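J.: I'd like to ask some things about the structure below.
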Amino acid sequence: MTVGSMKNSYSMQANGQKSGSNESFRFVSEKRTDIQHPKPCDQPSCTLSVSNVSYKVSERVGPWWDLPSYRKKWTRQILNEVSFHVDSGQIMGILGNSGSGKTTLLDAIAGRIGNSGTLVGEVFMNGRKLRQAQFQHCFSYVLQSDNLLSYLTVEETLMFTAQLALRQHSTGAIRRKVAAVMAELSLSHVAHTVIGGRIFPGISGGERRRVSIASQLLQDPKVILLDEPTTGLDSMTANQIVVLLAELAKRDRIVVVTIHQPRSELFRVFSRIAIMSCGELVFCGEPGEMVEFFSSCGYECPEYCNPFDIYVDLTSVDTRSSEREAVTYRRMHDITSAFQNSEIYQKITFRIRQSCNRLNKPMIPFKSKESPNCMSKLGVLVRRTVRNLSRDRMGVIMRLSQNLIYGLFVAFFVMKLDMDVTKGAVQDRIGIIYQCMGASPYTGMLNAVALFPALRAIADQESKDGLYQKWQMFLAYIIHILPFSIISVFIFTSFLYWTVGMNPDPWRFLCFTAVIMVPHITGELLTLVLLGVVQDPNMVNSGMALLNIAGIMVGSGFLRSTQQMPELFQWLSYLTFQKYGCELLIVTEFYGLNFTCSTAGVFPGTCLIKDGNLIIDQGYPGAPSRYTLDFLLLYAFLPALVVLGVISFKIRDHLVRR
C-alpha cells in the first residue's frame with residue numbers, strides 16, 4: 001500500500017465517493033472549521049480515558065565506584081502529561097522509537113509502576129477513576145516476552161490458566177471456554193502441540209504470541225494491553241497478529257498495543273494511532289487525521305513510503321551529536337506543540353470530559369473474579385509443574401542419577417574401606433562423610449538454578465495478572481521436588497554405602513540415608529530462597545557455594561574441632577545444618593565400631609585409637625546422647641527454610657512492583 005492510496009482511501013470515506021483509477025494517489029480533504037463532537041447517545045459500552053499521566057524517576061549521576069558522582073541524583077522525565085481516549089471496538093497503536101516511553105505508558109495504564117518514581121495523572125474506565133487496587137482486575141496485559149512452559153501443549157497451557165482463573169465452572173465448562181478461545185485465536189489446529197523452546201521445536205513464534213493473548217482472554221477482559229506483540233516475528237506474521245487484535249477489538253473490547261515498525265498495510269487496521277517521543281505524546285488520532293496533521297505542519301509523506309516509518313523518524317530525537325540532538329528535539333517539540341493546539345487534541349480532551357461528566361456512568365468492567373481458593377490454586381500449580389517437568393526426560397534422568405554419578409567417583413576413588421587404622425580406616429570414613437555432607441547441597445543447588453528461574457518468570461507475570469501469589473509457585477515447586485530428592489538420595493546412598501563397605505547395619509544405613517537427605521533438600525531450598533530476592537541465577541550459584549563452604553568450615557568440625565574454635569564461631573555453628581548432620585553421620589558410622597591395627601613397620605602411638613567411641617568422644621563429645629535431638633534439629637531446617645522462602649517471595653512481590 002502506498003501513502004497516496006491511503007490518503008485517497010480516507011478522503012473518499014469522508015466524502016462518500018467511490019475511487020477511480022486516475023485518482024489513486026490524490027488526497028482530497030476539507031479543512032474542518034468546527035469540532036464534530038459525538039452526541040451523548042453515541043456513547044460506547046466501554047471507554048478508556050488517560051488524563052495527564054506523567055512519570056519521573058531519580059537516578060544516580062555516576063556508577064557506584066565513583067562516590068562523589070554516585071551521591072548525586074538527577075531527575076529524568078519518562079512520561080510528560082500524556083492524555084488520550086479510546087472507545088470499545090477500537091484498536092489503538094502506540095508508535096515510537098526505543099526509549100520513547102511506550103512500555104512505561106502501558107505500565108502506568110495497567111498500574112504496574114511501583115514506588116521507584118513519581119507517577120501523577122488519572123486513568124478512567126467508563127468515566128470512573130480507577131483506584132490502585134482495581135487496575136489488576138480491570139486490564140489484561142500481554143508482555144513483550146512469551147513466558148510459557150515448554151513441555152505443555154497449547155490446550156494444557158490454557159486449561160491450567162483457566163483452572164487458576166475460574167472457580168464456578170465445571171471441567172466441561174472450562175473445556176468449552178478454552179475451545180472457544182482457541183477457535184477465536186485460530187489455535188485449534190495446534191491444540192495438542194507442545195509449546196516448545198530453544199532445545200526442541202514446538203509451535204511457531206506467531207502461535208506462541210496467540211497463546212499468550214488467549215491466556216488473557218480466558219477472563220473476558222474488556223481492555224487488553226499488549227507490549228510489542230510483533231517483536232521477533234516476520235512481517236507477514238506480525239501483520240496477521242495485528243489484524244487478529246483488530247478483530248478482537250471489534251467484539252466490544254478495547255485493544256491498546258505498542259508497536260515498533262508496523263507495515264503500511266496496517267494503516268487502515270488501527271482505529272487510533274499515537275506517536276511518542278521522549279515521553280511526550282506527539283500525535284494521537286485517527287490514521288487519516290495523522291496524514292492530514294503532519295501535512296499541515298509542512299511534513300508531507302512522500303508517495304510509495306510507509307507513513308509510520310516517516311512520521312516516527314520525523315519525531316525521533318537524534319542523539320549522535322549535540323547539534324543534531326538540538327535540531328531534532330526542537331522539531332519534535334514544535335510538532336508536539338502544534339498537536340496540543342490542534343482540533344484533534346481538543347476533541348480528545350472533550351471526549352475525556354464528556355466521559356467523566358456523563359450521568360449514569362456504566363460500572364467498571366472488571367475481569368472475571370471467579371478464582372478458586374488458595375488450596376485449589378496450589379493443587380493446580382503442583383499438577384502443572386509436575387506435568388511440565390516430568391516430560392523433560394533428560395532432566396528427570398539427570399535429577400535421579402546426578403547423586404549416583406558422584407557416588408561412582410567416590411566409590412572408584414575409595415574402592416573398599418579397610419578396618420585397619422594403619423591403612424586409613426578412620427581417615428577414609430571421615431573423608432566419605434565430609435564428601436557426602438559437602439556435595440549433596442551442590443546437587444540440590446544445581447537443580448534449582450536449572451529449573452526454577454523459568455517458573456519464577458512465569459510466576460512474576462501471572463501474579464501480576466492476579467492468578468495467584470508468587471509464594472504459591474514456590475510451594476508447588478517444593479512439593480514437586482520431594483519425590484525426586486528422596487529417590488535420588490536413596491539410589492546414591494544404596495550404592496555408596498554398601499559398595500565401599502561402611503558399617504554393615506541396615507538400621508544405620510537408613511539413618512545415613514535420612515541424614516544425607518537433608519543437605520540435598522536444604523541446598524535446593526536455600527537456593528530457592530535466594531532466587532526469591534536475587535534476580536541473577538549466577539549470583540545465587542556463587543552465593544550458595546560460599547554459604548556451603550562456610551557451613552562446612554564452621555559446623556562440621558573437620559577443619560577444626562568445635563571446642564578449639566573461637567566462641568563466636570561456636571555459636572554460629574548452631575545455625576548450620578552441617579553441625580548436626582556431621583555429628584549424626586560420625587555417630588552412625590563409628591559408634592560401637594572396633595578397628596584392627598597391624599603394628600609392623602608403624603610409628604609408636606599409631607594404634608592408640610582402635611575404638612570408634614573414642615573417635616566420637618575426641619571430636620564430638622556427648623554426641624551419642626544428642627542423637628535424637630540432632631535429628632530433630634537437622635530436620636527443623638526444612639520447615640524453617642520453607643517459611644523463609646515464603647517470606648522471600650513476599651519480599652519479591654514488593655521488589656518486582658518497584
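To be explicit about the labels: the chains of the C-alpha cells are called A, B, and onward in the order shown, and within each one the residues are counted from 1, while ligands get numbers from 1 in the order they are shown.
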Enumerate the residues of segment 333-490 of chain A with a DSSP assignment of helix (DSSP H, G or I), computed from the backbone, and present them as an mmCIF file with C-alpha atoms, in the first residue's frame.

T.:
```cif
data_model
loop_
_atom_site.group_PDB
_atom_site.id
_atom_site.type_symbol
_atom_site.label_atom_id
_atom_site.label_comp_id
_atom_site.auth_asym_id
_atom_site.auth_seq_id
_atom_site.Cartn_x
_atom_site.Cartn_y
_atom_site.Cartn_z
ATOM 1 C CA HIS A 333 8.778 19.938 20.365
ATOM 2 C CA ASP A 334 7.298 22.110 17.612
ATOM 3 C CA ILE A 335 5.202 19.211 16.306
ATOM 4 C CA THR A 336 4.040 18.383 19.843
ATOM 5 C CA SER A 337 3.020 21.987 20.451
ATOM 6 C CA ALA A 338 1.154 22.062 17.143
ATOM 7 C CA PHE A 339 -0.706 18.902 18.110
ATOM 8 C CA GLN A 340 -1.682 20.239 21.531
ATOM 9 C CA GLU A 343 -8.606 20.453 16.893
ATOM 10 C CA ILE A 344 -7.664 16.786 17.149
ATOM 11 C CA TYR A 345 -6.294 17.288 20.674
ATOM 12 C CA GLN A 346 -9.304 19.405 21.645
ATOM 13 C CA LYS A 347 -11.553 16.556 20.549
ATOM 14 C CA ILE A 348 -9.613 14.149 22.773
ATOM 15 C CA THR A 349 -9.938 16.378 25.839
ATOM 16 C CA PHE A 350 -13.625 16.871 25.064
ATOM 17 C CA ARG A 351 -14.191 13.104 24.929
ATOM 18 C CA ILE A 352 -12.398 12.672 28.251
ATOM 19 C CA ARG A 353 -14.533 15.367 29.913
ATOM 20 C CA GLN A 354 -17.684 14.008 28.306
ATOM 21 C CA SER A 355 -16.977 10.517 29.592
ATOM 22 C CA CYS A 356 -16.170 11.731 33.121
ATOM 23 C CA CYS A 374 -5.746 -20.878 47.866
ATOM 24 C CA MET A 375 -5.520 -24.666 48.225
ATOM 25 C CA SER A 376 -7.190 -25.265 44.860
ATOM 26 C CA LYS A 377 -4.699 -22.927 43.168
ATOM 27 C CA LEU A 378 -1.818 -24.725 44.871
ATOM 28 C CA GLY A 379 -3.152 -28.051 43.583
ATOM 29 C CA VAL A 380 -3.382 -26.702 40.031
ATOM 30 C CA LEU A 381 0.171 -25.327 40.224
ATOM 31 C CA VAL A 382 1.502 -28.652 41.503
ATOM 32 C CA ARG A 383 -0.195 -30.583 38.692
ATOM 33 C CA ARG A 384 1.041 -28.107 36.096
ATOM 34 C CA THR A 385 4.617 -28.163 37.398
ATOM 35 C CA VAL A 386 4.731 -31.963 37.616
ATOM 36 C CA ARG A 387 3.283 -32.429 34.133
ATOM 37 C CA ASN A 388 5.679 -29.930 32.587
ATOM 38 C CA LEU A 389 8.906 -31.075 34.241
ATOM 39 C CA SER A 390 8.118 -34.798 34.130
ATOM 40 C CA ARG A 393 13.191 -36.976 30.046
ATOM 41 C CA MET A 394 16.804 -35.870 30.162
ATOM 42 C CA GLY A 395 16.061 -33.591 33.095
ATOM 43 C CA VAL A 396 14.354 -36.399 35.023
ATOM 44 C CA ILE A 397 17.233 -38.794 34.321
ATOM 45 C CA MET A 398 19.788 -36.240 35.498
ATOM 46 C CA ARG A 399 17.844 -35.445 38.655
ATOM 47 C CA LEU A 400 17.665 -39.103 39.597
ATOM 48 C CA SER A 401 21.224 -40.003 38.628
ATOM 49 C CA GLN A 402 23.348 -36.958 39.459
ATOM 50 C CA ASN A 403 23.993 -38.078 43.043
ATOM 51 C CA LEU A 404 24.670 -41.610 41.815
ATOM 52 C CA ILE A 405 27.216 -40.313 39.297
ATOM 53 C CA TYR A 406 29.008 -38.509 42.096
ATOM 54 C CA GLY A 407 28.830 -41.691 44.184
ATOM 55 C CA LEU A 408 30.566 -43.595 41.375
ATOM 56 C CA PHE A 409 33.519 -41.192 41.543
ATOM 57 C CA VAL A 410 33.775 -41.548 45.327
ATOM 58 C CA ALA A 411 33.456 -45.326 45.205
ATOM 59 C CA PHE A 412 36.055 -45.577 42.443
ATOM 60 C CA PHE A 413 38.453 -43.412 44.440
ATOM 61 C CA VAL A 414 37.973 -45.204 47.784
ATOM 62 C CA VAL A 421 43.695 -47.964 61.245
ATOM 63 C CA THR A 422 47.167 -48.051 59.730
ATOM 64 C CA LYS A 423 45.598 -48.286 56.269
ATOM 65 C CA ALA A 425 40.263 -46.879 58.022
ATOM 66 C CA VAL A 426 39.321 -43.838 60.130
ATOM 67 C CA GLN A 427 40.514 -41.183 57.700
ATOM 68 C CA ASP A 428 38.685 -42.743 54.728
ATOM 69 C CA ARG A 429 35.394 -42.922 56.599
ATOM 70 C CA ILE A 430 35.654 -39.305 57.713
ATOM 71 C CA GLY A 431 36.516 -38.350 54.135
ATOM 72 C CA ILE A 432 33.376 -40.056 52.797
ATOM 73 C CA ILE A 433 31.226 -38.314 55.407
ATOM 74 C CA TYR A 434 32.817 -34.989 54.500
ATOM 75 C CA GLN A 435 32.161 -35.531 50.785
ATOM 76 C CA CYS A 436 28.558 -36.584 51.355
ATOM 77 C CA MET A 437 27.803 -33.549 53.509
ATOM 78 C CA GLY A 438 29.643 -31.161 51.210
ATOM 79 C CA ALA A 439 28.446 -32.371 47.800
ATOM 80 C CA SER A 440 24.758 -33.043 48.490
ATOM 81 C CA PRO A 441 23.802 -29.343 48.790
ATOM 82 C CA TYR A 442 25.520 -28.634 45.446
ATOM 83 C CA THR A 443 23.384 -31.120 43.546
ATOM 84 C CA GLY A 444 20.259 -29.585 45.050
ATOM 85 C CA MET A 445 21.505 -26.122 44.107
ATOM 86 C CA LEU A 446 22.130 -27.188 40.501
ATOM 87 C CA ASN A 447 18.564 -28.452 40.205
ATOM 88 C CA ALA A 448 17.051 -25.196 41.462
ATOM 89 C CA VAL A 449 19.270 -22.961 39.311
ATOM 90 C CA ALA A 450 18.490 -25.017 36.193
ATOM 91 C CA LEU A 451 14.722 -25.379 36.629
ATOM 92 C CA PHE A 452 13.262 -22.659 38.813
ATOM 93 C CA PRO A 453 14.161 -19.352 37.037
ATOM 94 C CA ALA A 454 11.753 -20.192 34.182
ATOM 95 C CA LEU A 455 8.967 -20.897 36.672
ATOM 96 C CA ARG A 456 9.853 -17.725 38.568
ATOM 97 C CA ALA A 457 9.442 -15.621 35.398
ATOM 98 C CA ILE A 458 6.012 -17.139 34.818
ATOM 99 C CA ALA A 459 5.065 -16.535 38.452
ATOM 100 C CA ASP A 460 6.111 -12.880 38.156
ATOM 101 C CA GLN A 461 3.782 -12.421 35.210
ATOM 102 C CA GLU A 462 0.814 -14.483 36.396
ATOM 103 C CA SER A 463 0.875 -12.990 39.881
ATOM 104 C CA LYS A 464 0.543 -9.536 38.324
ATOM 105 C CA LYS A 470 4.426 -15.981 43.933
ATOM 106 C CA TRP A 471 4.889 -17.974 47.128
ATOM 107 C CA GLN A 472 2.291 -20.468 45.881
ATOM 108 C CA MET A 473 4.500 -21.291 42.911
ATOM 109 C CA PHE A 474 7.382 -21.680 45.378
ATOM 110 C CA LEU A 475 5.394 -24.214 47.427
ATOM 111 C CA ALA A 476 4.260 -26.059 44.294
ATOM 112 C CA TYR A 477 7.866 -26.459 43.194
ATOM 113 C CA ILE A 478 8.867 -27.790 46.621
ATOM 114 C CA ILE A 479 6.087 -30.376 46.583
ATOM 115 C CA HIS A 480 7.239 -31.424 43.129
ATOM 116 C CA ILE A 481 10.917 -31.880 44.097
ATOM 117 C CA LEU A 482 10.373 -34.022 47.211
ATOM 118 C CA PRO A 483 9.829 -37.383 45.436
ATOM 119 C CA PHE A 484 12.797 -36.747 43.121
ATOM 120 C CA SER A 485 15.032 -35.818 46.059
ATOM 121 C CA ILE A 486 14.055 -38.862 48.117
ATOM 122 C CA ILE A 487 14.561 -41.295 45.238
ATOM 123 C CA SER A 488 17.812 -39.667 44.096
ATOM 124 C CA VAL A 489 19.398 -39.730 47.548
ATOM 125 C CA PHE A 490 18.203 -43.285 48.218
#
```

J.: Please run DSSP on the backbone and report, as a PyMOL selection string, all residues within segment 226-443 of chain A that come out as strand (DSSP E or B).

T.: chain A and resi 226-227+254-258+272-277+280-285+420

J.: Looking at only C-alpha atoms, which of A:Ile174, A:Leu629, A:Ile195, A:Leu359 is the one that sits closest to Ser150 of chain A?

T.: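 Of A:Ile174, A:Leu629, A:Ile195, A:Leu359, the one nearest Ser150 of chain A, counting only C-alpha atoms, is A:Ile195.
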
J.: Using only C-alpha atoms, determine which residues lie at most 12 Å from Gln261 of chain A, disregarding the query and same-chain residues fewer than 4 positions distant; provide the list as a VMD selection string.

T.: chain A and resid 93 to 98 228 to 235 238 to 239 242 265 to 267 275 306 to 313

J.: Give me the residues near segment 157-173 of chain A as a ChimeraX atom specification, where near means some atom within 7 Å (using only C-alpha atoms) and where sequence neighbours in that chain fewer than 5 positions away do not count.

T.: /A:152,178,215,218-219,370-372,377,380,384,467

J.: Mind dumping the selected residues with C-alpha atoms as an mmCIF file, in the first residue's frame?

T.:
```
data_model
loop_
_atom_site.group_PDB
_atom_site.id
_atom_site.type_symbol
_atom_site.label_atom_id
_atom_site.label_comp_id
_atom_site.auth_asym_id
_atom_site.auth_seq_id
_atom_site.Cartn_x
_atom_site.Cartn_y
_atom_site.Cartn_z
ATOM 1 C CA LEU A 152 2.866 -28.348 27.920
ATOM 2 C CA VAL A 178 -10.779 -22.979 26.293
ATOM 3 C CA SER A 215 -4.382 -16.820 28.231
ATOM 4 C CA LEU A 218 -9.933 -16.513 29.342
ATOM 5 C CA GLN A 219 -11.021 -13.932 31.934
ATOM 6 C CA GLU A 370 -14.280 -16.319 39.996
ATOM 7 C CA SER A 371 -10.842 -17.521 41.039
ATOM 8 C CA PRO A 372 -10.536 -20.683 43.177
ATOM 9 C CA LYS A 377 -4.699 -22.927 43.168
ATOM 10 C CA VAL A 380 -3.382 -26.702 40.031
ATOM 11 C CA ARG A 384 1.041 -28.107 36.096
ATOM 12 C CA LEU A 467 -3.986 -15.603 39.113
#
```

J.: Looking at A:Phe512, A:Trp74, A:Trp65, A:Tyr55, which one is nearest to Glu122 of chain A, with distances taken over only C-alpha atoms?

T.: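 Nearest candidate to Glu122 of chain A out of A:Phe512, A:Trp74, A:Trp65, A:Tyr55: A:Tyr55.
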
J.: Do you have the atom CA of Lys361 of chain A-atom CA of Pro287 of chain A distance handy?

T.: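 It comes out at 29.0 Å.
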
J.: Leaving out Val123 of chain A and any residue of its chain fewer than 3 positions from it, which residues lie within 6 Å of it when counting only C-alpha atoms, given as a JSON list (two decimals) with N, CA and C atoms, in the first residue's frame?

T.:
```json
[["chain", "number", "residue", "atom", "x", "y", "z"],
["A", 49, "SER", "N", -10.01, 6.30, 29.33],
["A", 49, "SER", "CA", -9.50, 7.67, 29.25],
["A", 49, "SER", "C", -8.25, 7.78, 30.11],
["A", 50, "VAL", "N", -7.21, 8.35, 29.55],
["A", 50, "VAL", "CA", -5.96, 8.60, 30.26],
["A", 50, "VAL", "C", -5.75, 10.10, 30.26],
["A", 129, "LYS", "N", -12.87, 6.98, 37.87],
["A", 129, "LYS", "CA", -11.44, 6.95, 38.16],
["A", 129, "LYS", "C", -11.08, 5.63, 38.82],
["A", 130, "LEU", "N", -10.02, 5.01, 38.33],
["A", 130, "LEU", "CA", -9.57, 3.73, 38.88],
["A", 130, "LEU", "C", -8.70, 3.94, 40.10]]
```

J.: Pick out the residues sitting within 12 Å of Ala640 of chain A, and hand them over as an MDAnalysis selection string; count only C-alpha atoms, and ignore anything fewer than 4 positions along from it in its own chain.

T.: chainID A and resid 522 525:526 529 575 577 633:636 644:647

J.: Which residues are near Gln564 of chain A? Cut-off 12 Å, only C-alpha atoms, ignore same chain within fewer than 6 positions. Put them as a VMD selection string.

T.: chain A and resid 554 557 to 558 570 618 to 620

J.: I'd like to know which of A:Pro365, A:Gly205, A:Pro639, A:Gly101 is closest to Ser45 of chain A, using only C-alpha atoms.

T.: A:Pro365

J.: Between A:Glu583, A:Asp611, A:Glu323, A:Glu81, single out the one closest to Thr628 of chain A, counting only C-alpha atoms.

T.: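 Of A:Glu583, A:Asp611, A:Glu323, A:Glu81, the one nearest Thr628 of chain A is A:Glu583, counting only C-alpha atoms.
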
J.: Between A:Asp536, A:Gln77, A:Val327, A:Tyr151, single out the one closest to Phe200 of chain A, counting only C-alpha atoms.

T.: A:Tyr151
